[in-house]
Amino acid sequence: MLCLFVGPVGLDNGVGLRPAMGYNTWNDLRCEGVTADAIDAIAVAMVELGLAKLGYAYLNVDDCWATATDPSGELVADPAAFPDGLPALVESVHARGLRFGLYGDRGWKTCAFRPGSGGLEPAHAAQFARWGVDYLKYDSCWASNDHDAAFEQYGAMRDALNASGRPVLYSLCGWNAWYAPRGAELANSWRIAADCDEWANVYVAVRTNEALGQHAAPGGFNDPDMLLGSDPTAPAHLTPRQVQAQFSLWAVMAAP
C-alpha cells in the first residue's frame, strides 16, 4: 500500500494550519466603539454563545486602538479606551479561553490615521509578543503599491514576528489578488479583494477567489475578508439571507 503524506505548504510558523475563525471589531465597532469594556463584553458573549467551543477562538481588535508611538518606537494604546492598558485586556480575553488578535499597518499610518509599523517591525513585533498577542492583522494603507516593496515590507514583519519567540498567526491585508502566488511565503492568510462591506463586494471577492484555490493549503489561505452580520444598526451589514449565503460560500472556499 502506498501512503502519501502531504504536509503544510503555507507559512511554517506553527499556527494557521486551518483557516482562522473568530470575531473582528471593525464591522460593528469601527473606531469610536473600540474600548476595553466593549471587547471584554464580546469575549463574554463568544463564550456564553458557545462559539469558542465551535472553534471561533480569536477575538481581534481592529484599527484605532493605538494613538501614538513612545520615544522607544513602541505603540501606545489609547488611554481613554484602554485605561488599564492592552496587556490587561489580553489577559482578560485569554482567561476566557480565547485568543487575542491585534491590528497593525505596514505603512507610516494605519487606514484610520493611527501610527503604523513601517520601519519599526522588530520593536512592534517584540511588543506584540510581550503582550501575548496571538494574531496580527497587518494592513496596507499609506504604503507603496509597488509589488516588490509590498512583499519586502510584509516579509519584514513576518521575520520580526518569527524572531519574537511567540507563535503569532500573521494575516496579510493587502486587498489584491496578486498577493496570492506569493502569499504562502509571507503570511498565514492574505486578503485577495477589497473590504466586503456590501453585497456587491462579497460577490467580487468570491469571483476573484475562484481562480486562486491552488495557492491555499494548511498554513496559508486566501482571505476574501470578514463575514458580515445582519444587525441593521451595524456600520456594515447584509440581509439575513445574504449572511447565510456568505457563510456558506466562505465555508466552501475554506476562507478565514
# chains A, B, ... in the order shown; residues from 1 in each chain; ligands from 1

$ residues_around --residues "A:Asp70" --least-positions-apart "5" --cutoff "12 Å" --atoms "only C-alpha atoms" --output "list in words"
Leu75, Val76, Ala77, Pro115, Leu120, Ala123 and His124 of chain A

$ residues_around --residues "A:Ala68" --least-positions-apart "6" --cutoff "12 Å" --atoms "only C-alpha atoms" --output "list in words"
Glu74, Leu75, Val76, Ala77, Asp78, Pro79, Trp108, Lys109, Thr110, Phe113, Arg114, Pro115, Gly116 and Ser117 of chain A

$ write_last_selection --atoms "C-alpha atoms" --output "PDB file, in the first residue's frame"
ATOM      1  CA  GLU A  74       6.622  51.259  20.686  1.00  0.00           C
ATOM      2  CA  LEU A  75       2.909  51.754  20.095  1.00  0.00           C
ATOM      3  CA  VAL A  76       0.830  53.476  22.765  1.00  0.00           C
ATOM      4  CA  ALA A  77      -2.725  52.250  23.332  1.00  0.00           C
ATOM      5  CA  ASP A  78      -5.485  54.842  23.625  1.00  0.00           C
ATOM      6  CA  PRO A  79      -5.528  55.590  27.376  1.00  0.00           C
ATOM      7  CA  TRP A 108       3.586  55.057   8.227  1.00  0.00           C
ATOM      8  CA  LYS A 109      -0.068  55.407   9.256  1.00  0.00           C
ATOM      9  CA  THR A 110      -2.971  52.987   9.579  1.00  0.00           C
ATOM     10  CA  PHE A 113      -4.514  57.633  10.520  1.00  0.00           C
ATOM     11  CA  ARG A 114      -3.178  55.959  13.650  1.00  0.00           C
ATOM     12  CA  PRO A 115       0.568  55.152  13.909  1.00  0.00           C
ATOM     13  CA  GLY A 116       1.823  52.476  11.539  1.00  0.00           C
ATOM     14  CA  SER A 117       4.654  49.960  11.849  1.00  0.00           C
TER      15      SER A 117
END

$ residues_around --residues "stretch 157-170 of chain A" --least-positions-apart "4" --cutoff "9 Å" --atoms "only C-alpha atoms" --output "number ranges by chain"
A: 13-16, 20, 101, 106, 117-118, 120-130, 132-138, 152-153, 186-190

$ write_last_selection --atoms "N, CA, C and O atoms" --output "CSV table (one decimal), in the first residue's frame"
chain,number,residue,atom,x,y,z
A,13,ASN,N,5.1,28.5,10.6
A,13,ASN,CA,5.3,29.1,11.9
A,13,ASN,C,4.6,28.5,13.0
A,13,ASN,O,4.4,29.0,14.1
A,14,GLY,N,4.0,27.3,12.7
A,14,GLY,CA,3.3,26.5,13.7
A,14,GLY,C,1.9,26.9,14.0
A,14,GLY,O,1.2,26.2,14.8
A,15,VAL,N,1.3,27.9,13.3
A,15,VAL,CA,-0.1,28.2,13.5
A,15,VAL,C,-0.7,28.4,12.2
A,15,VAL,O,-0.1,28.3,11.1
A,16,GLY,N,-2.1,28.5,12.2
A,16,GLY,CA,-2.8,28.8,10.9
A,16,GLY,C,-2.9,27.5,10.0
A,16,GLY,O,-3.1,27.7,8.8
A,20,ALA,N,-8.4,30.6,10.2
A,20,ALA,CA,-8.7,31.2,11.4
A,20,ALA,C,-10.2,31.5,11.5
A,20,ALA,O,-10.8,32.0,10.6
A,101,GLY,N,-6.3,39.0,19.1
A,101,GLY,CA,-5.7,39.5,17.9
A,101,GLY,C,-5.6,41.0,17.9
A,101,GLY,O,-6.5,41.7,18.5
A,106,ARG,N,1.6,48.2,7.5
A,106,ARG,CA,2.9,48.3,7.0
A,106,ARG,C,3.3,49.7,6.6
A,106,ARG,O,4.5,50.0,6.4
A,117,SER,N,3.5,50.7,11.4
A,117,SER,CA,4.7,50.0,11.8
A,117,SER,C,5.8,50.0,10.8
A,117,SER,O,6.8,49.3,11.1
A,118,GLY,N,5.6,50.7,9.7
A,118,GLY,CA,6.7,50.7,8.7
A,118,GLY,C,8.0,51.2,9.3
A,118,GLY,O,8.1,52.3,9.9
A,120,LEU,N,9.5,50.0,11.8
A,120,LEU,CA,9.6,49.7,13.3
A,120,LEU,C,9.1,48.2,13.5
A,120,LEU,O,8.7,47.9,14.7
A,121,GLU,N,9.2,47.4,12.5
A,121,GLU,CA,8.7,46.0,12.7
A,121,GLU,C,9.3,45.2,13.9
A,121,GLU,O,8.6,44.6,14.6
A,122,PRO,N,10.7,45.2,14.1
A,122,PRO,CA,11.2,44.5,15.2
A,122,PRO,C,10.7,44.9,16.6
A,122,PRO,O,10.3,44.1,17.4
A,123,ALA,N,10.6,46.2,16.7
A,123,ALA,CA,10.1,46.8,18.0
A,123,ALA,C,8.6,46.4,18.2
A,123,ALA,O,8.2,46.0,19.3
A,124,HIS,N,7.8,46.6,17.2
A,124,HIS,CA,6.4,46.3,17.3
A,124,HIS,C,6.1,44.8,17.5
A,124,HIS,O,5.2,44.4,18.3
A,125,ALA,N,6.8,44.0,16.7
A,125,ALA,CA,6.6,42.5,16.9
A,125,ALA,C,7.0,42.1,18.3
A,125,ALA,O,6.3,41.2,18.9
A,126,ALA,N,8.1,42.6,18.8
A,126,ALA,CA,8.5,42.2,20.2
A,126,ALA,C,7.5,42.7,21.2
A,126,ALA,O,7.2,42.0,22.2
A,127,GLN,N,6.9,43.9,20.9
A,127,GLN,CA,5.9,44.4,21.8
A,127,GLN,C,4.6,43.5,21.8
A,127,GLN,O,4.1,43.2,22.9
A,128,PHE,N,4.2,43.1,20.6
A,128,PHE,CA,3.0,42.3,20.5
A,128,PHE,C,3.3,40.9,21.2
A,128,PHE,O,2.4,40.4,21.9
A,129,ALA,N,4.4,40.4,21.0
A,129,ALA,CA,4.8,39.1,21.7
A,129,ALA,C,4.8,39.3,23.2
A,129,ALA,O,4.3,38.4,23.9
A,130,ARG,N,5.3,40.3,23.7
A,130,ARG,CA,5.4,40.6,25.1
A,130,ARG,C,4.0,40.7,25.7
A,130,ARG,O,3.7,40.3,26.9
A,132,GLY,N,1.4,39.2,24.6
A,132,GLY,CA,0.7,37.9,24.5
A,132,GLY,C,-0.3,37.9,23.3
A,132,GLY,O,-1.2,37.1,23.3
A,133,VAL,N,-0.1,38.7,22.3
A,133,VAL,CA,-0.9,38.7,21.1
A,133,VAL,C,-0.7,37.4,20.3
A,133,VAL,O,0.4,36.9,20.2
A,134,ASP,N,-1.9,36.9,19.9
A,134,ASP,CA,-1.9,35.6,19.1
A,134,ASP,C,-2.1,35.7,17.6
A,134,ASP,O,-1.9,34.8,16.9
A,135,TYR,N,-2.5,36.9,17.2
A,135,TYR,CA,-2.9,37.1,15.8
A,135,TYR,C,-2.6,38.6,15.4
A,135,TYR,O,-2.9,39.5,16.2
A,136,LEU,N,-2.1,38.8,14.3
A,136,LEU,CA,-1.8,40.1,13.8
A,136,LEU,C,-2.4,40.3,12.4
A,136,LEU,O,-2.0,39.6,11.5
A,137,LYS,N,-3.4,41.2,12.3
A,137,LYS,CA,-3.9,41.7,11.0
A,137,LYS,C,-3.0,42.8,10.6
A,137,LYS,O,-3.0,43.9,11.3
A,138,TYR,N,-2.4,42.7,9.4
A,138,TYR,CA,-1.4,43.7,9.0
A,138,TYR,C,-1.8,44.4,7.7
A,138,TYR,O,-1.8,43.8,6.7
A,152,GLU,N,8.5,43.0,0.4
A,152,GLU,CA,9.6,43.2,1.3
A,152,GLU,C,9.1,43.7,2.7
A,152,GLU,O,9.5,43.2,3.7
A,153,GLN,N,8.1,44.6,2.7
A,153,GLN,CA,7.6,45.1,3.9
A,153,GLN,C,6.8,44.0,4.7
A,153,GLN,O,6.9,43.9,5.9
A,186,LEU,N,4.8,34.5,2.8
A,186,LEU,CA,4.7,35.7,3.6
A,186,LEU,C,3.9,35.6,4.8
A,186,LEU,O,4.2,36.3,5.8
A,187,ALA,N,2.7,34.9,4.8
A,187,ALA,CA,1.8,35.0,5.9
A,187,ALA,C,0.9,33.7,6.0
A,187,ALA,O,1.0,32.8,5.1
A,188,ASN,N,0.1,33.7,7.0
A,188,ASN,CA,-0.8,32.6,7.2
A,188,ASN,C,-2.1,32.8,6.4
A,188,ASN,O,-2.9,31.8,6.2
A,189,SER,N,-2.4,34.0,6.0
A,189,SER,CA,-3.5,34.3,5.1
A,189,SER,C,-3.3,35.7,4.5
A,189,SER,O,-2.4,36.4,4.9
A,190,TRP,N,-3.9,35.9,3.3
A,190,TRP,CA,-3.7,37.1,2.6
A,190,TRP,C,-5.0,37.5,1.9
A,190,TRP,O,-5.6,36.8,1.2

$ select_by_dssp --residues "stretch 167-256 of chain A" --states "strand (DSSP E)" --output "list in words"
Leu169, Tyr170, Ser171, Leu172, Ser189, Trp190, Arg191, Phe221, Asn222 and Asp223 of chain A

$ residues_around --residues "A:Val34" --least-positions-apart "4" --cutoff "7 Å" --atoms "only C-alpha atoms" --output "PDB file with C-alpha atoms, in the first residue's frame"
ATOM      1  CA  LEU A  29     -17.429  48.996  16.301  1.00  0.00           C
ATOM      2  CA  ARG A  30     -15.356  50.930  13.762  1.00  0.00           C
ATOM      3  CA  ALA A  38     -16.826  46.600  24.660  1.00  0.00           C
ATOM      4  CA  TRP A  65      -6.576  51.035  19.367  1.00  0.00           C
ATOM      5  CA  ALA A  81     -10.359  53.451  25.593  1.00  0.00           C
TER       6      ALA A  81
END

$ atom_distance --atom1 "atom CA of A:Glu48" --atom2 "atom CA of A:Tyr23"
14.2 Å

$ residues_around --residues "A:Trp250" --least-positions-apart "5" --cutoff "12 Å" --atoms "only C-alpha atoms" --output "JSON, numbers by chain"
{"A": [19, 20, 21, 196, 202, 203, 205, 206, 207, 209, 210, 221, 222, 223, 224, 225, 226, 227, 228, 243, 244, 245, 255, 256]}

$ select_by_dssp --residues "stretch 95-132 of chain A" --states "helix (DSSP H, G or I)" --output "PyMOL selection string"
chain A and resi 95+121-131

$ closest_residue --among "A:Asn24, A:Gly73, A:Ala36, A:Ala45" --to "A:Tyr58" --atoms "only C-alpha atoms"
A:Asn24

$ closest_atom_pairs --of "stretch 96-204 of chain A" --to "stretch 50-57 of chain A" --cutoff "9 Å" --atoms "only C-alpha atoms" --output "CSV"
residue,atom,partner,partner_atom,distance
A:Gly97,CA,A:Ala52,CA,7.6
A:Leu98,CA,A:Ala57,CA,5.1
A:Arg99,CA,A:Ala57,CA,5.7
A:Phe100,CA,A:Ala57,CA,8.5

$ decode --residues "stretch 101-221 of chain A" --atoms "C-alpha atoms" --output "PDB file, in the first residue's frame"
ATOM      1  CA  GLY A 101      -5.720  39.477  17.880  1.00  0.00           C
ATOM      2  CA  LEU A 102      -4.475  42.975  17.133  1.00  0.00           C
ATOM      3  CA  TYR A 103      -4.166  45.264  14.122  1.00  0.00           C
ATOM      4  CA  GLY A 104      -1.160  46.953  12.519  1.00  0.00           C
ATOM      5  CA  ASP A 105      -0.183  48.513   9.206  1.00  0.00           C
ATOM      6  CA  ARG A 106       2.937  48.298   7.041  1.00  0.00           C
ATOM      7  CA  GLY A 107       2.695  51.988   6.191  1.00  0.00           C
ATOM      8  CA  TRP A 108       3.586  55.057   8.227  1.00  0.00           C
ATOM      9  CA  LYS A 109      -0.068  55.407   9.256  1.00  0.00           C
ATOM     10  CA  THR A 110      -2.971  52.987   9.579  1.00  0.00           C
ATOM     11  CA  CYS A 111      -6.099  53.317   7.469  1.00  0.00           C
ATOM     12  CA  ALA A 112      -7.637  55.428  10.269  1.00  0.00           C
ATOM     13  CA  PHE A 113      -4.514  57.633  10.520  1.00  0.00           C
ATOM     14  CA  ARG A 114      -3.178  55.959  13.650  1.00  0.00           C
ATOM     15  CA  PRO A 115       0.568  55.152  13.909  1.00  0.00           C
ATOM     16  CA  GLY A 116       1.823  52.476  11.539  1.00  0.00           C
ATOM     17  CA  SER A 117       4.654  49.960  11.849  1.00  0.00           C
ATOM     18  CA  GLY A 118       6.690  50.717   8.730  1.00  0.00           C
ATOM     19  CA  GLY A 119      10.387  50.647   9.682  1.00  0.00           C
ATOM     20  CA  LEU A 120       9.555  49.657  13.264  1.00  0.00           C
ATOM     21  CA  GLU A 121       8.747  45.994  12.668  1.00  0.00           C
ATOM     22  CA  PRO A 122      11.192  44.451  15.198  1.00  0.00           C
ATOM     23  CA  ALA A 123      10.086  46.777  18.005  1.00  0.00           C
ATOM     24  CA  HIS A 124       6.388  46.292  17.334  1.00  0.00           C
ATOM     25  CA  ALA A 125       6.619  42.516  16.869  1.00  0.00           C
ATOM     26  CA  ALA A 126       8.503  42.219  20.158  1.00  0.00           C
ATOM     27  CA  GLN A 127       5.876  44.399  21.831  1.00  0.00           C
ATOM     28  CA  PHE A 128       3.022  42.271  20.499  1.00  0.00           C
ATOM     29  CA  ALA A 129       4.771  39.103  21.689  1.00  0.00           C
ATOM     30  CA  ARG A 130       5.396  40.562  25.141  1.00  0.00           C
ATOM     31  CA  TRP A 131       1.716  41.468  25.433  1.00  0.00           C
ATOM     32  CA  GLY A 132       0.660  37.919  24.488  1.00  0.00           C
ATOM     33  CA  VAL A 133      -0.899  38.722  21.109  1.00  0.00           C
ATOM     34  CA  ASP A 134      -1.873  35.601  19.144  1.00  0.00           C
ATOM     35  CA  TYR A 135      -2.936  37.104  15.797  1.00  0.00           C
ATOM     36  CA  LEU A 136      -1.830  40.127  13.790  1.00  0.00           C
ATOM     37  CA  LYS A 137      -3.903  41.658  11.004  1.00  0.00           C
ATOM     38  CA  TYR A 138      -1.389  43.737   9.041  1.00  0.00           C
ATOM     39  CA  ASP A 139      -2.935  46.315   6.723  1.00  0.00           C
ATOM     40  CA  SER A 140      -1.577  48.166   3.693  1.00  0.00           C
ATOM     41  CA  CYS A 141      -2.636  51.810   3.965  1.00  0.00           C
ATOM     42  CA  TRP A 142      -0.152  54.660   3.458  1.00  0.00           C
ATOM     43  CA  ALA A 143       2.392  52.300   1.910  1.00  0.00           C
ATOM     44  CA  SER A 144       3.883  51.662  -1.512  1.00  0.00           C
ATOM     45  CA  ASN A 145       1.757  49.923  -4.151  1.00  0.00           C
ATOM     46  CA  ASP A 146       4.887  48.522  -5.785  1.00  0.00           C
ATOM     47  CA  HIS A 147       4.664  44.743  -5.594  1.00  0.00           C
ATOM     48  CA  ASP A 148       8.284  44.119  -4.623  1.00  0.00           C
ATOM     49  CA  ALA A 149       8.171  46.826  -1.963  1.00  0.00           C
ATOM     50  CA  ALA A 150       4.987  45.340  -0.528  1.00  0.00           C
ATOM     51  CA  PHE A 151       6.477  41.851  -0.430  1.00  0.00           C
ATOM     52  CA  GLU A 152       9.571  43.228   1.301  1.00  0.00           C
ATOM     53  CA  GLN A 153       7.559  45.090   3.935  1.00  0.00           C
ATOM     54  CA  TYR A 154       5.275  42.153   4.655  1.00  0.00           C
ATOM     55  CA  GLY A 155       8.350  39.939   4.833  1.00  0.00           C
ATOM     56  CA  ALA A 156       9.939  42.285   7.344  1.00  0.00           C
ATOM     57  CA  MET A 157       7.052  41.864   9.779  1.00  0.00           C
ATOM     58  CA  ARG A 158       6.954  38.112   9.125  1.00  0.00           C
ATOM     59  CA  ASP A 159      10.616  37.863  10.094  1.00  0.00           C
ATOM     60  CA  ALA A 160      10.151  40.097  13.119  1.00  0.00           C
ATOM     61  CA  LEU A 161       7.230  38.010  14.378  1.00  0.00           C
ATOM     62  CA  ASN A 162       9.180  34.790  13.854  1.00  0.00           C
ATOM     63  CA  ALA A 163      12.111  36.276  15.786  1.00  0.00           C
ATOM     64  CA  SER A 164       9.874  37.335  18.668  1.00  0.00           C
ATOM     65  CA  GLY A 165       9.687  33.846  20.124  1.00  0.00           C
ATOM     66  CA  ARG A 166       5.868  33.769  20.144  1.00  0.00           C
ATOM     67  CA  PRO A 167       3.754  31.946  17.536  1.00  0.00           C
ATOM     68  CA  VAL A 168       1.543  34.664  16.022  1.00  0.00           C
ATOM     69  CA  LEU A 169      -0.950  33.994  13.239  1.00  0.00           C
ATOM     70  CA  TYR A 170       0.009  36.537  10.587  1.00  0.00           C
ATOM     71  CA  SER A 171      -2.821  37.905   8.441  1.00  0.00           C
ATOM     72  CA  LEU A 172      -1.680  39.957   5.450  1.00  0.00           C
ATOM     73  CA  CYS A 173      -4.279  42.564   4.477  1.00  0.00           C
ATOM     74  CA  GLY A 174      -3.294  43.869   1.055  1.00  0.00           C
ATOM     75  CA  TRP A 175      -6.700  43.728  -0.728  1.00  0.00           C
ATOM     76  CA  ASN A 176      -5.302  42.382  -4.021  1.00  0.00           C
ATOM     77  CA  ALA A 177      -5.214  39.016  -5.787  1.00  0.00           C
ATOM     78  CA  TRP A 178      -1.580  39.497  -6.793  1.00  0.00           C
ATOM     79  CA  TYR A 179      -0.561  38.583  -3.258  1.00  0.00           C
ATOM     80  CA  ALA A 180      -1.882  35.032  -3.670  1.00  0.00           C
ATOM     81  CA  PRO A 181       1.021  33.486  -5.651  1.00  0.00           C
ATOM     82  CA  ARG A 182       3.483  34.745  -3.017  1.00  0.00           C
ATOM     83  CA  GLY A 183       1.141  34.581  -0.028  1.00  0.00           C
ATOM     84  CA  ALA A 184       2.282  31.288   1.456  1.00  0.00           C
ATOM     85  CA  GLU A 185       5.846  32.510   1.872  1.00  0.00           C
ATOM     86  CA  LEU A 186       4.706  35.717   3.557  1.00  0.00           C
ATOM     87  CA  ALA A 187       1.785  35.004   5.883  1.00  0.00           C
ATOM     88  CA  ASN A 188      -0.849  32.571   7.153  1.00  0.00           C
ATOM     89  CA  SER A 189      -3.544  34.326   5.128  1.00  0.00           C
ATOM     90  CA  TRP A 190      -3.675  37.097   2.560  1.00  0.00           C
ATOM     91  CA  ARG A 191      -6.536  39.342   1.501  1.00  0.00           C
ATOM     92  CA  ILE A 192      -7.371  38.986  -2.161  1.00  0.00           C
ATOM     93  CA  ALA A 193     -10.004  41.715  -2.669  1.00  0.00           C
ATOM     94  CA  ALA A 194     -11.486  44.897  -1.234  1.00  0.00           C
ATOM     95  CA  ASP A 195     -13.434  45.097   2.022  1.00  0.00           C
ATOM     96  CA  CYS A 196     -16.655  43.078   1.995  1.00  0.00           C
ATOM     97  CA  ASP A 197     -18.782  45.898   3.359  1.00  0.00           C
ATOM     98  CA  GLU A 198     -21.717  45.358   0.962  1.00  0.00           C
ATOM     99  CA  TRP A 199     -23.136  42.516  -1.113  1.00  0.00           C
ATOM    100  CA  ALA A 200     -21.518  43.710  -4.362  1.00  0.00           C
ATOM    101  CA  ASN A 201     -18.063  43.400  -2.787  1.00  0.00           C
ATOM    102  CA  VAL A 202     -18.913  39.958  -1.415  1.00  0.00           C
ATOM    103  CA  TYR A 203     -19.694  38.877  -4.980  1.00  0.00           C
ATOM    104  CA  VAL A 204     -16.420  40.332  -6.311  1.00  0.00           C
ATOM    105  CA  ALA A 205     -14.405  38.599  -3.588  1.00  0.00           C
ATOM    106  CA  VAL A 206     -15.982  35.231  -4.393  1.00  0.00           C
ATOM    107  CA  ARG A 207     -15.414  35.561  -8.119  1.00  0.00           C
ATOM    108  CA  THR A 208     -11.827  36.700  -7.521  1.00  0.00           C
ATOM    109  CA  ASN A 209     -11.141  33.756  -5.238  1.00  0.00           C
ATOM    110  CA  GLU A 210     -12.428  31.275  -7.824  1.00  0.00           C
ATOM    111  CA  ALA A 211      -9.103  31.412  -9.646  1.00  0.00           C
ATOM    112  CA  LEU A 212      -6.841  31.287  -6.575  1.00  0.00           C
ATOM    113  CA  GLY A 213      -7.569  27.946  -4.942  1.00  0.00           C
ATOM    114  CA  GLN A 214      -4.225  26.439  -5.960  1.00  0.00           C
ATOM    115  CA  HIS A 215      -2.392  28.892  -3.702  1.00  0.00           C
ATOM    116  CA  ALA A 216      -4.138  27.830  -0.470  1.00  0.00           C
ATOM    117  CA  ALA A 217      -3.097  24.958   1.792  1.00  0.00           C
ATOM    118  CA  PRO A 218      -2.711  24.232   5.510  1.00  0.00           C
ATOM    119  CA  GLY A 219      -0.681  27.095   6.931  1.00  0.00           C
ATOM    120  CA  GLY A 220      -1.772  29.663   4.339  1.00  0.00           C
ATOM    121  CA  PHE A 221      -5.188  30.647   2.974  1.00  0.00           C
TER     122      PHE A 221
END
